[in-house]
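Peer 1: query_12.txt is reproduced below (compact mmCIF, C-alpha atoms and all ligand atoms).
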```
# COMPACT_ATOMS: atom_id res chain seq x y z
CA MET A 1 17.90 12.69 38.53
CA GLN A 2 18.99 9.19 37.83
CA LEU A 3 18.50 7.33 34.59
CA LYS A 4 16.54 4.75 36.57
CA THR A 5 13.99 7.40 37.52
CA ILE A 6 13.46 8.25 33.87
CA LEU A 7 13.19 4.59 32.93
CA ASN A 8 10.60 4.00 35.62
CA ARG A 9 8.62 6.85 34.18
CA VAL A 10 8.72 5.73 30.53
CA GLU A 11 8.80 1.98 30.90
CA SER A 12 8.09 0.28 34.21
CA PHE A 13 7.32 -3.37 34.81
CA LYS A 14 5.27 -4.83 37.61
CA SER A 15 7.43 -7.80 38.47
CA PHE A 16 10.85 -6.46 37.52
CA VAL A 17 13.06 -3.65 38.80
CA TYR A 18 15.94 -1.75 37.24
CA GLY A 19 19.35 -2.44 38.77
CA LYS A 20 22.76 -0.97 38.04
CA VAL A 21 23.20 1.36 35.10
CA ARG A 22 26.58 1.12 33.38
CA TRP A 23 28.40 3.02 30.77
CA VAL A 24 30.33 0.74 28.44
CA GLN A 25 32.89 1.62 25.84
CA GLY A 26 33.61 -0.86 23.12
CA ASP A 27 34.86 -0.84 19.53
CA GLY A 28 34.54 2.87 18.91
CA GLN A 29 30.99 3.16 20.28
CA SER A 30 29.76 3.74 23.77
CA ALA A 31 26.52 2.30 25.08
CA ILE A 32 24.39 2.35 28.19
CA GLU A 33 23.65 -0.94 29.89
CA VAL A 34 20.84 -1.30 32.41
CA GLU A 35 20.44 -4.37 34.56
CA LEU A 36 16.99 -5.80 35.16
CA HIS A 37 16.09 -8.04 38.08
CA ALA A 38 13.01 -10.01 38.90
CA ARG A 39 11.33 -8.84 42.11
CA LYS A 40 11.92 -11.04 45.11
CA ASN A 41 9.16 -13.64 45.44
CA GLY A 42 8.02 -12.84 41.90
CA ARG A 43 7.38 -16.10 40.12
CA ALA A 44 8.43 -16.56 36.51
CA ILE A 45 5.66 -16.76 33.91
CA CYS A 46 5.66 -19.75 31.55
CA SER A 47 5.89 -18.55 27.95
CA GLY A 48 3.85 -21.56 26.84
CA CYS A 49 0.65 -21.02 28.82
CA GLY A 50 1.14 -17.61 30.45
CA ARG A 51 0.78 -18.95 33.98
CA PRO A 52 3.35 -18.65 36.79
CA GLY A 53 5.31 -21.80 37.55
CA PRO A 54 8.17 -23.03 39.73
CA GLY A 55 11.67 -22.00 38.67
CA TYR A 56 13.93 -24.51 36.95
CA ASP A 57 17.22 -22.72 36.25
CA ARG A 58 18.65 -19.54 34.76
CA LEU A 59 20.02 -18.99 31.26
CA PRO A 60 23.14 -16.87 30.64
CA GLN A 61 22.60 -13.10 30.69
CA ARG A 62 21.25 -11.57 27.47
CA ARG A 63 21.24 -8.06 26.04
CA PHE A 64 17.97 -6.55 24.80
CA GLU A 65 18.27 -3.38 22.80
CA PHE A 66 16.07 -0.52 24.00
CA VAL A 67 15.25 2.92 22.48
CA PRO A 68 18.54 4.85 22.11
CA LEU A 69 19.22 7.87 24.30
CA TRP A 70 21.08 10.94 22.97
CA GLY A 71 22.52 8.96 20.08
CA MET A 72 23.73 6.14 22.31
CA PRO A 73 22.39 2.61 22.21
CA VAL A 74 20.72 1.40 25.38
CA PHE A 75 20.65 -2.26 26.43
CA PHE A 76 18.72 -4.10 29.11
CA LEU A 77 20.71 -6.94 30.69
CA TYR A 78 18.78 -9.86 32.05
CA ALA A 79 19.31 -13.57 32.65
CA LEU A 80 16.09 -15.30 31.68
CA ARG A 81 14.74 -17.93 34.07
CA ARG A 82 13.38 -21.23 32.94
CA VAL A 83 10.11 -22.51 34.32
CA ASP A 84 9.26 -26.07 35.19
CA CYS A 85 5.67 -25.83 34.06
CA PRO A 86 3.35 -28.72 34.97
CA ARG A 87 1.46 -28.20 31.67
CA CYS A 88 4.18 -27.27 29.16
CA GLY A 89 7.35 -28.83 30.60
CA VAL A 90 10.51 -26.75 30.89
CA THR A 91 10.03 -23.41 29.11
CA VAL A 92 11.74 -20.03 29.06
CA GLU A 93 9.93 -17.36 31.08
CA ARG A 94 7.88 -14.62 29.47
CA VAL A 95 9.14 -11.08 30.09
CA PRO A 96 7.15 -7.89 29.46
CA TRP A 97 9.80 -6.01 27.44
CA ALA A 98 10.50 -8.49 24.64
CA THR A 99 9.02 -11.50 22.92
CA GLY A 100 10.47 -14.81 21.85
CA LYS A 101 14.06 -14.85 20.75
CA CYS A 102 14.02 -11.24 19.63
CA HIS A 103 16.98 -9.24 20.90
CA LEU A 104 15.15 -5.93 20.38
CA THR A 105 12.75 -4.77 23.07
CA THR A 106 9.13 -4.34 22.00
CA SER A 107 9.30 -0.58 22.61
CA TYR A 108 12.33 -0.29 20.36
CA ARG A 109 10.59 -2.28 17.61
CA TRP A 110 7.58 0.06 17.66
CA PHE A 111 9.95 3.01 17.73
CA LEU A 112 11.69 1.80 14.54
CA ALA A 113 8.40 0.86 12.88
CA ARG A 114 6.96 4.32 13.48
CA TRP A 115 9.97 6.03 11.97
CA ALA A 116 9.73 3.65 9.03
CA LYS A 117 6.40 5.22 8.14
CA ARG A 118 8.11 8.55 7.58
CA LEU A 119 11.51 7.52 6.23
CA SER A 120 12.81 4.74 4.05
CA TRP A 121 13.98 1.62 5.86
CA ASN A 122 17.59 2.31 4.92
CA GLU A 123 17.40 5.80 6.37
CA VAL A 124 15.90 4.55 9.64
CA ALA A 125 18.65 1.94 9.93
CA SER A 126 21.42 4.44 9.37
CA ILE A 127 19.98 7.16 11.64
CA PHE A 128 19.50 4.83 14.62
CA GLY A 129 22.65 2.80 14.03
CA THR A 130 20.88 -0.46 13.40
CA THR A 131 20.54 -2.87 10.49
CA TRP A 132 18.09 -2.93 7.62
CA ARG A 133 17.04 -6.36 8.82
CA ASN A 134 16.13 -5.03 12.29
CA VAL A 135 14.01 -2.28 10.76
CA PHE A 136 12.30 -4.76 8.45
CA GLU A 137 11.57 -7.20 11.30
CA SER A 138 10.19 -4.34 13.41
CA VAL A 139 7.86 -3.18 10.65
CA LYS A 140 6.78 -6.75 10.05
CA HIS A 141 5.99 -7.14 13.73
CA ALA A 142 3.93 -3.92 13.66
CA VAL A 143 2.01 -5.09 10.59
CA PHE A 144 1.27 -8.52 12.05
CA TRP A 145 0.09 -6.95 15.27
CA GLY A 146 -2.06 -4.47 13.37
CA VAL A 147 -3.65 -7.00 11.04
CA PHE A 148 -4.37 -9.31 13.96
CA HIS A 149 -6.04 -6.55 15.99
CA GLN A 150 -7.82 -4.89 13.10
CA ASN A 151 -11.59 -4.98 13.04
CA LEU A 152 -12.79 -4.03 9.58
CA GLY A 153 -16.41 -3.58 10.59
CA ARG A 154 -18.67 -2.37 7.81
CA ILE A 155 -17.21 -1.45 4.45
CA GLU A 156 -19.35 0.39 1.94
CA ALA A 157 -17.07 0.74 -1.08
CA ILE A 158 -13.93 -0.97 -2.28
CA GLY A 159 -11.64 -0.35 -5.23
CA VAL A 160 -9.51 -2.98 -6.94
CA ASP A 161 -6.39 -2.15 -8.87
CA GLU A 162 -3.08 -3.57 -9.92
CA ILE A 163 0.43 -2.17 -9.88
CA GLN A 164 3.57 -3.40 -11.52
CA TRP A 165 6.26 -4.07 -8.95
CA ARG A 166 9.02 -5.67 -10.98
CA ARG A 167 10.16 -5.57 -14.54
CA GLY A 168 8.71 -8.16 -16.82
CA HIS A 169 5.00 -7.84 -16.14
CA GLN A 170 4.98 -8.81 -12.49
CA TYR A 171 1.87 -7.41 -10.88
CA LEU A 172 0.31 -7.03 -7.48
CA THR A 173 -3.42 -6.90 -6.88
CA LEU A 174 -4.45 -4.24 -4.37
CA VAL A 175 -7.84 -3.78 -2.74
CA TYR A 176 -8.66 -0.46 -1.07
CA GLN A 177 -11.48 0.82 1.02
CA ILE A 178 -12.55 4.04 -0.74
CA GLU A 179 -15.27 5.79 1.23
CA ASP A 180 -15.32 9.36 2.38
CA GLY A 181 -13.72 9.30 5.80
CA MET A 182 -11.95 5.99 5.35
CA LYS A 183 -9.44 5.30 2.63
CA ARG A 184 -6.99 2.52 3.26
CA LEU A 185 -5.34 -0.54 1.82
CA LEU A 186 -7.15 -3.74 2.73
CA TRP A 187 -5.39 -6.42 0.72
CA VAL A 188 -2.25 -7.19 -1.27
CA ALA A 189 -1.78 -10.32 -3.38
CA ARG A 190 0.63 -11.54 -6.00
CA ASP A 191 -0.35 -11.43 -9.69
CA ARG A 192 -3.67 -10.22 -11.03
CA THR A 193 -5.59 -13.41 -11.47
CA GLU A 194 -9.10 -14.28 -10.36
CA GLN A 195 -7.50 -16.16 -7.51
CA SER A 196 -5.55 -13.10 -6.28
CA LEU A 197 -8.82 -11.29 -5.74
CA ARG A 198 -10.94 -14.24 -4.64
CA GLU A 199 -8.59 -14.78 -1.68
CA PHE A 200 -9.45 -11.31 -0.41
CA PHE A 201 -13.15 -12.10 -0.21
CA ARG A 202 -12.36 -15.33 1.60
CA THR A 203 -10.56 -13.45 4.39
CA LEU A 204 -13.52 -11.18 5.09
CA ALA A 205 -15.97 -11.82 7.90
CA GLY A 206 -19.51 -12.47 6.61
CA GLU A 207 -20.83 -9.19 8.02
CA THR A 208 -18.07 -7.12 6.41
CA ARG A 209 -18.52 -8.81 3.08
CA GLU A 210 -22.25 -8.31 3.01
CA SER A 211 -21.87 -4.64 3.84
CA ILE A 212 -20.01 -3.87 0.59
CA ARG A 213 -22.36 -1.95 -1.71
CA PHE A 214 -19.99 -0.58 -4.33
CA VAL A 215 -16.92 -1.99 -5.97
CA CYS A 216 -14.72 -0.12 -8.39
CA SER A 217 -12.32 -1.73 -10.81
CA ASP A 218 -10.80 -1.50 -14.26
CA MET A 219 -11.81 -3.65 -17.22
CA TRP A 220 -9.36 -6.45 -16.45
CA GLN A 221 -11.39 -9.58 -17.13
CA PRO A 222 -10.16 -11.77 -14.22
CA TYR A 223 -11.22 -9.02 -11.78
CA LEU A 224 -14.60 -8.69 -13.45
CA ASN A 225 -15.10 -12.43 -13.13
CA ALA A 226 -14.06 -12.63 -9.48
CA ILE A 227 -16.24 -9.65 -8.54
CA ALA A 228 -19.28 -11.03 -10.37
CA GLU A 229 -18.81 -14.33 -8.57
CA GLN A 230 -18.05 -13.02 -5.07
CA LEU A 231 -20.04 -9.79 -4.83
CA SER A 232 -23.14 -10.36 -6.92
CA GLU A 233 -25.22 -7.99 -4.77
CA ALA A 234 -22.91 -4.97 -4.99
CA VAL A 235 -22.99 -2.29 -7.70
CA HIS A 236 -19.87 -2.78 -9.79
CA VAL A 237 -18.44 0.47 -11.14
CA LEU A 238 -15.89 0.85 -13.88
CA ASP A 239 -14.49 4.14 -12.79
CA ARG A 240 -13.51 7.19 -14.70
CA PHE A 241 -9.85 7.07 -13.78
CA HIS A 242 -9.37 3.60 -15.19
CA ILE A 243 -11.29 4.26 -18.37
CA MET A 244 -9.39 7.44 -19.13
CA LYS A 245 -6.13 5.67 -18.33
CA LYS A 246 -6.97 3.00 -20.89
CA MET A 247 -7.86 5.65 -23.42
CA ASN A 248 -4.58 7.46 -22.82
CA GLU A 249 -2.69 4.23 -23.33
CA ALA A 250 -4.46 3.78 -26.65
CA ILE A 251 -3.60 7.33 -27.74
CA ASP A 252 0.00 6.73 -26.83
CA GLU A 253 0.05 3.53 -28.83
CA VAL A 254 -1.37 5.35 -31.87
CA ARG A 255 1.18 8.12 -31.51
CA ARG A 256 4.13 5.77 -31.18
CA SER A 257 3.32 3.71 -34.22
CA GLU A 258 2.47 6.79 -36.26
CA ALA A 259 5.71 8.52 -35.25
CA ALA A 260 7.66 5.44 -36.27
CA ARG A 261 5.85 5.31 -39.61
CA LEU A 262 6.40 9.01 -40.36
CA ASN A 263 10.04 8.61 -39.50
CA ARG A 264 10.36 5.62 -41.81
CA ASP A 265 8.72 7.52 -44.64
CA GLY A 266 11.10 10.44 -44.19
CA TYR A 267 8.63 13.03 -42.86
CA GLU A 268 9.72 15.54 -40.29
CA PRO A 269 9.41 14.15 -36.80
CA VAL A 270 6.36 16.21 -35.94
CA LEU A 271 5.20 13.78 -33.27
CA LYS A 272 8.45 13.80 -31.39
CA HIS A 273 8.09 15.25 -27.88
CA SER A 274 4.36 15.58 -28.43
CA ARG A 275 3.39 12.85 -26.01
CA TRP A 276 2.29 15.21 -23.27
CA CYS A 277 0.28 17.48 -25.45
CA LEU A 278 -1.68 14.55 -26.71
CA LEU A 279 -2.25 13.06 -23.31
CA LYS A 280 -2.95 16.17 -21.30
CA ARG A 281 -6.32 17.81 -21.36
CA ARG A 282 -6.43 21.03 -23.30
CA GLU A 283 -6.93 23.34 -20.34
CA ASN A 284 -3.89 21.87 -18.61
CA LEU A 285 -1.48 22.49 -21.48
CA THR A 286 1.39 24.92 -21.11
CA GLU A 287 1.77 27.70 -23.65
CA LYS A 288 4.54 25.94 -25.53
CA GLN A 289 2.48 22.77 -25.65
CA THR A 290 -0.50 24.66 -27.02
CA VAL A 291 1.61 25.84 -29.92
CA LYS A 292 2.74 22.29 -30.53
CA LEU A 293 -0.82 21.05 -30.45
CA SER A 294 -2.02 23.57 -33.03
CA GLU A 295 0.94 22.56 -35.20
CA LEU A 296 -0.12 18.95 -34.83
CA LEU A 297 -3.71 19.74 -35.66
CA GLN A 298 -2.67 20.85 -39.14
CA TYR A 299 -1.85 17.29 -40.00
CA ASN A 300 -4.69 14.89 -40.35
CA LEU A 301 -2.94 12.38 -38.18
CA ALA A 302 -4.51 9.45 -36.41
CA SER A 303 -2.85 10.62 -33.19
CA VAL A 304 -4.58 13.95 -33.47
CA ARG A 305 -7.91 12.43 -34.33
CA SER A 306 -7.60 10.08 -31.33
CA HIS A 307 -6.86 13.07 -29.19
CA LEU A 308 -10.01 14.80 -30.40
CA LEU A 309 -12.10 11.71 -29.80
CA ARG A 310 -10.82 11.59 -26.26
CA GLU A 311 -11.58 15.30 -25.74
CA ASP A 312 -15.06 14.63 -26.98
CA PHE A 313 -15.46 11.68 -24.68
CA GLN A 314 -14.59 13.77 -21.62
CA ARG A 315 -18.06 15.29 -21.86
CA PHE A 316 -19.48 11.89 -21.01
CA TRP A 317 -18.56 12.35 -17.34
CA GLU A 318 -20.56 15.54 -17.08
CA TYR A 319 -23.90 13.77 -17.41
CA THR A 320 -25.98 13.18 -14.31
CA SER A 321 -28.53 10.78 -15.75
CA PRO A 322 -27.34 7.29 -16.63
CA VAL A 323 -29.86 7.21 -19.49
CA TRP A 324 -28.43 10.25 -21.27
CA ALA A 325 -24.90 9.17 -20.50
CA GLY A 326 -25.77 5.84 -22.09
CA LYS A 327 -27.03 7.56 -25.25
CA PHE A 328 -23.88 9.60 -25.44
CA LEU A 329 -21.80 6.48 -25.00
CA ASP A 330 -23.52 4.79 -27.93
CA GLN A 331 -23.12 7.76 -30.26
CA GLY A 332 -19.55 8.49 -29.24
CA CYS A 333 -18.74 4.86 -29.71
CA THR A 334 -20.15 4.80 -33.24
CA ARG A 335 -18.05 7.81 -34.19
CA THR A 336 -14.92 6.19 -32.90
CA LEU A 337 -15.65 2.89 -34.57
CA ARG A 338 -15.86 4.73 -37.90
CA SER A 339 -12.50 6.35 -37.27
CA ARG A 340 -10.53 3.27 -38.37
CA ILE A 341 -7.98 3.84 -35.62
CA GLN A 342 -7.41 0.36 -34.31
CA PRO A 343 -6.34 0.98 -30.68
CA MET A 344 -9.20 3.45 -30.20
CA LYS A 345 -11.68 1.03 -31.73
CA LYS A 346 -10.47 -1.64 -29.38
CA ILE A 347 -11.14 0.58 -26.36
CA VAL A 348 -14.57 1.49 -27.61
CA ARG A 349 -15.49 -2.10 -28.22
CA SER A 350 -14.62 -2.94 -24.65
CA LEU A 351 -16.53 0.12 -23.39
CA ARG A 352 -19.56 -1.17 -25.25
CA GLU A 353 -19.13 -4.63 -23.84
CA HIS A 354 -19.10 -3.18 -20.32
CA ARG A 355 -21.77 -0.55 -20.92
CA ASP A 356 -23.75 -1.38 -17.78
CA LEU A 357 -20.74 -1.36 -15.50
CA ILE A 358 -19.64 1.99 -16.90
CA LEU A 359 -23.05 3.52 -16.41
CA ASN A 360 -22.92 2.34 -12.80
CA TRP A 361 -20.46 5.16 -12.32
CA PHE A 362 -23.40 7.54 -12.50
CA ARG A 363 -25.45 5.41 -10.13
CA ALA A 364 -22.65 5.36 -7.55
CA ARG A 365 -21.87 9.05 -7.79
CA GLY A 366 -21.53 10.67 -4.41
CA THR A 367 -20.88 7.39 -2.64
CA VAL A 368 -17.72 6.19 -4.24
CA SER A 369 -15.20 8.93 -3.70
CA ALA A 370 -13.90 9.89 -7.12
CA GLY A 371 -10.18 9.68 -7.59
CA ALA A 372 -9.72 7.68 -4.38
CA VAL A 373 -8.31 4.65 -6.15
CA GLU A 374 -6.00 6.84 -8.18
CA GLY A 375 -4.71 8.63 -5.09
CA LEU A 376 -4.08 5.45 -3.16
CA ASN A 377 -2.49 3.79 -6.14
CA ASN A 378 -0.04 6.65 -6.57
CA LYS A 379 0.97 6.27 -2.93
CA ALA A 380 1.37 2.52 -3.42
CA LYS A 381 3.63 3.07 -6.43
CA LEU A 382 5.69 5.53 -4.44
CA THR A 383 6.07 2.99 -1.64
CA THR A 384 7.28 0.28 -4.00
CA ARG A 385 9.63 2.67 -5.78
CA LYS A 386 11.13 4.29 -2.70
CA ALA A 387 14.59 2.98 -1.91
CA TYR A 388 13.67 0.54 0.78
CA GLY A 389 16.48 -1.79 -0.22
CA PHE A 390 14.14 -4.67 -0.84
CA ARG A 391 13.12 -6.65 -3.83
CA THR A 392 11.26 -9.55 -2.29
CA TYR A 393 7.52 -9.92 -2.39
CA GLU A 394 7.34 -10.27 1.38
CA ALA A 395 9.08 -6.94 2.00
CA ILE A 396 6.93 -5.10 -0.51
CA GLU A 397 3.75 -6.55 0.95
CA ILE A 398 4.80 -5.53 4.49
CA ALA A 399 5.77 -2.03 3.31
CA LEU A 400 2.41 -1.50 1.60
CA TYR A 401 0.33 -2.58 4.60
CA HIS A 402 2.53 -0.49 6.87
CA THR A 403 2.23 2.75 4.91
CA LEU A 404 -1.32 2.46 3.55
CA GLY A 405 -3.17 0.04 5.84
CA LYS A 406 -4.03 2.48 8.67
CA LEU A 407 -3.42 -0.44 11.00
CA PRO A 408 -4.08 -0.10 14.74
CA GLU A 409 -1.23 0.13 17.25
CA PRO A 410 -1.15 -0.79 20.93
CA GLU A 411 -1.53 1.89 23.60
CA PHE A 412 1.78 2.93 25.09
CA THR A 413 2.46 4.42 28.51
CA HIS A 414 5.06 6.62 26.88
CA GLU A 415 5.32 7.80 23.25
CA PHE A 416 8.94 7.54 22.18
CA CYS A 417 8.27 9.18 18.85
ZN ZN A 501 3.05 -23.51 30.75
```
What is this file in structure tokens?
Peer 2:
Amino acid sequence: MQLKTILNRVESFKSFVYGKVRWVQGDGQSAIEVELHARKNGRAICSGCGRPGPGYDRLPQRRFEFVPLWGMPVFFLYALRRVDCPRCGVTVERVPWATGKCHLTTSYRWFLARWAKRLSWNEVASIFGTTWRNVFESVKHAVFWGVFHQNLGRIEAIGVDEIQWRRGHQYLTLVYQIEDGMKRLLWVARDRTEQSLREFFRTLAGETRESIRFVCSDMWQPYLNAIAEQLSEAVHVLDRFHIMKKMNEAIDEVRRSEAARLNRDGYEPVLKHSRWCLLKRRENLTEKQTVKLSELLQYNLASVRSHLLREDFQRFWEYTSPVWAGKFLDQGCTRTLRSRIQPMKKIVRSLREHRDLILNWFRARGTVSAGAVEGLNNKAKLTTRKAYGFRTYEAIEIALYHTLGKLPEPEFTHEFC
């Protein structure tokens, strides 16, 4: 069987035929070169308007890189024709295997992009003997194609969150769809301002926007403002994950300042290495940590009292009726406010301020999939942390859409991977 037979099976073009196949050896690497020819009488297609036009001249032969075979790079060789188009003037012809000035064939770009979902961009580049830049451009192409062809349709619930992507308080705003059956990233924007979120709502079609019934977020004021302004009809939920995260941050703050104070006053460093026992829930503690916790409980420390207040607060989520949950919230809040632990009091004050939004959690139960935002956010953090070899906003944005966007792909005659 000839290589041409295989090529015709995996990638055939209506107006072009494969010609000679050559084996070339150059600077330590061998490659396969395949000539392509336009069919006789086939007219070149103008890349401006997509219509056939009279030929003008031919450009020098170019190499287009195709999917590698058995570890060897494969190139298509073709001299592009120029068209004398009555509408567009003299343009370069459009060919079915590549677009624009790109020296990678479209199949090869999709091949690289698909691998880049499973491996880091550096790994893909080194495995297929290409550059990081080529992998990046291929992923970018896949994302642009996907976003362009994506039809969001109806969306019932969204979750808004932020992640830090660079040192020095540089944040990204992320919007996810979080329903059972469809969890994906819908939007990435710089910073975490009202504007970052408002832009998302602007990109939505009217029908999609009106279909949103639930929106989940943390207590970050700019998000609350943008949601109130843009989605006044939807039920806004402050979800459990975010609230407990805030509470854990407060406990950690209490512990750190208390540990520093004890240390200064010459007491034994009882709070050292206790971070996890304070943050973890009691049933998740390891045996060693349980011992540590009972040791800690002997001291009447603010860290310990904060921990107990948090344990107590966990019961809040077990309510089914918003009314009873609300009563619990008020009583629990009063207890904490009497505790004189500043970071905890701060949390409780903001819980009280957002009482209605928090109680919406009970109203949305069963619709908003619990833990969805947390799960997606962990994946997003992993994507930004993974060694992709990038530090620019553009690359991070592309990587996030690529891994979490569930973007559509074109139909291929042959699946290369
Ligand atoms: Zn034209």
Peer 1: For each of A:Leu329, A:Val254, A:Val92, A:Val24, take the minimum atom-to-atom distance to ligand ZN 501 (chain A), counting all atoms listed in the file, then give the residue where this is smallest.
Peer 2: A:Val92
Peer 1: Hey, which residues come within 9 Å of ligand ZN 501 (chain A) if we count all atoms listed in the file? Could you give them as a count of residues only?
Peer 2: 18
Peer 1: What lies within 10 Å of A:Phe16 using all atoms listed in the file, ignoring chain neighbours under 6 positions off, as a ChimeraX atom specification?
Peer 2: /A:36-40,42,95-96
Peer 1: Could those selected residues go to a file with C-alpha atoms, as a CSV table (one decimal), in the coordinates of the input?
Peer 2:
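Done, and the output landed in part27.csv:
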```
chain,number,residue,atom,x,y,z
A,36,LEU,CA,17.0,-5.8,35.2
A,37,HIS,CA,16.1,-8.0,38.1
A,38,ALA,CA,13.0,-10.0,38.9
A,39,ARG,CA,11.3,-8.8,42.1
A,40,LYS,CA,11.9,-11.0,45.1
A,42,GLY,CA,8.0,-12.8,41.9
A,95,VAL,CA,9.1,-11.1,30.1
A,96,PRO,CA,7.2,-7.9,29.5
```
Peer 1: Taking a cut-off of 10 Å and counting only C-alpha atoms, can you build a table that, for each residue of stretch 221-315 of chain A near stretch 158-168 of chain A, reports the nearest atom pair and how far apart they are in Å (one decimal), sorted by chain then residue number, as a Markdown table?
Peer 2:
```
| residue | atom | partner | partner_atom | distance |
| --- | --- | --- | --- | --- |
| A:Tyr223 | CA | A:Val160 | CA | 7.9 |
| A:Ile227 | CA | A:Val160 | CA | 9.6 |
| A:His236 | CA | A:Gly159 | CA | 9.7 |
| A:Val237 | CA | A:Gly159 | CA | 9.0 |
| A:Leu238 | CA | A:Gly159 | CA | 9.7 |
| A:Asp239 | CA | A:Gly159 | CA | 9.2 |
| A:His242 | CA | A:Asp161 | CA | 9.0 |
```
Peer 1: For A:Ser339, which residue among A:Arg305, A:Arg352, A:Arg255, A:Arg261 is the nearest when counting all atoms listed in the file?
Peer 2: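 When distances to A:Ser339 are compared using all atoms listed in the file, the smallest one comes from A:Arg305.
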Peer 1: Between A:Val304, A:Leu185, A:Ile347, A:Leu119, which residue has the minimum interatomic distance to A:Ala250, considering only C-alpha atoms?
Peer 2: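 Closest to A:Ala250 of all the choices is A:Ile347.
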Peer 1: For the point (11.4, -8.6, 1.5) in file coordinates, what residues are within 12 Å, counting all atoms listed in the file? Give the answer as a PyMOL selection string?
Peer 2: chain A and resi 121+132-133+135-137+139-140+384+388-400
Peer 1: Residues within 8 Å of (18.8, -3.8, 29.4), file coordinates, counting all atoms listed in the file: what are they? Give the list as a ChimeraX atom specification.
Peer 2: /A:33-36,63-66,74-78
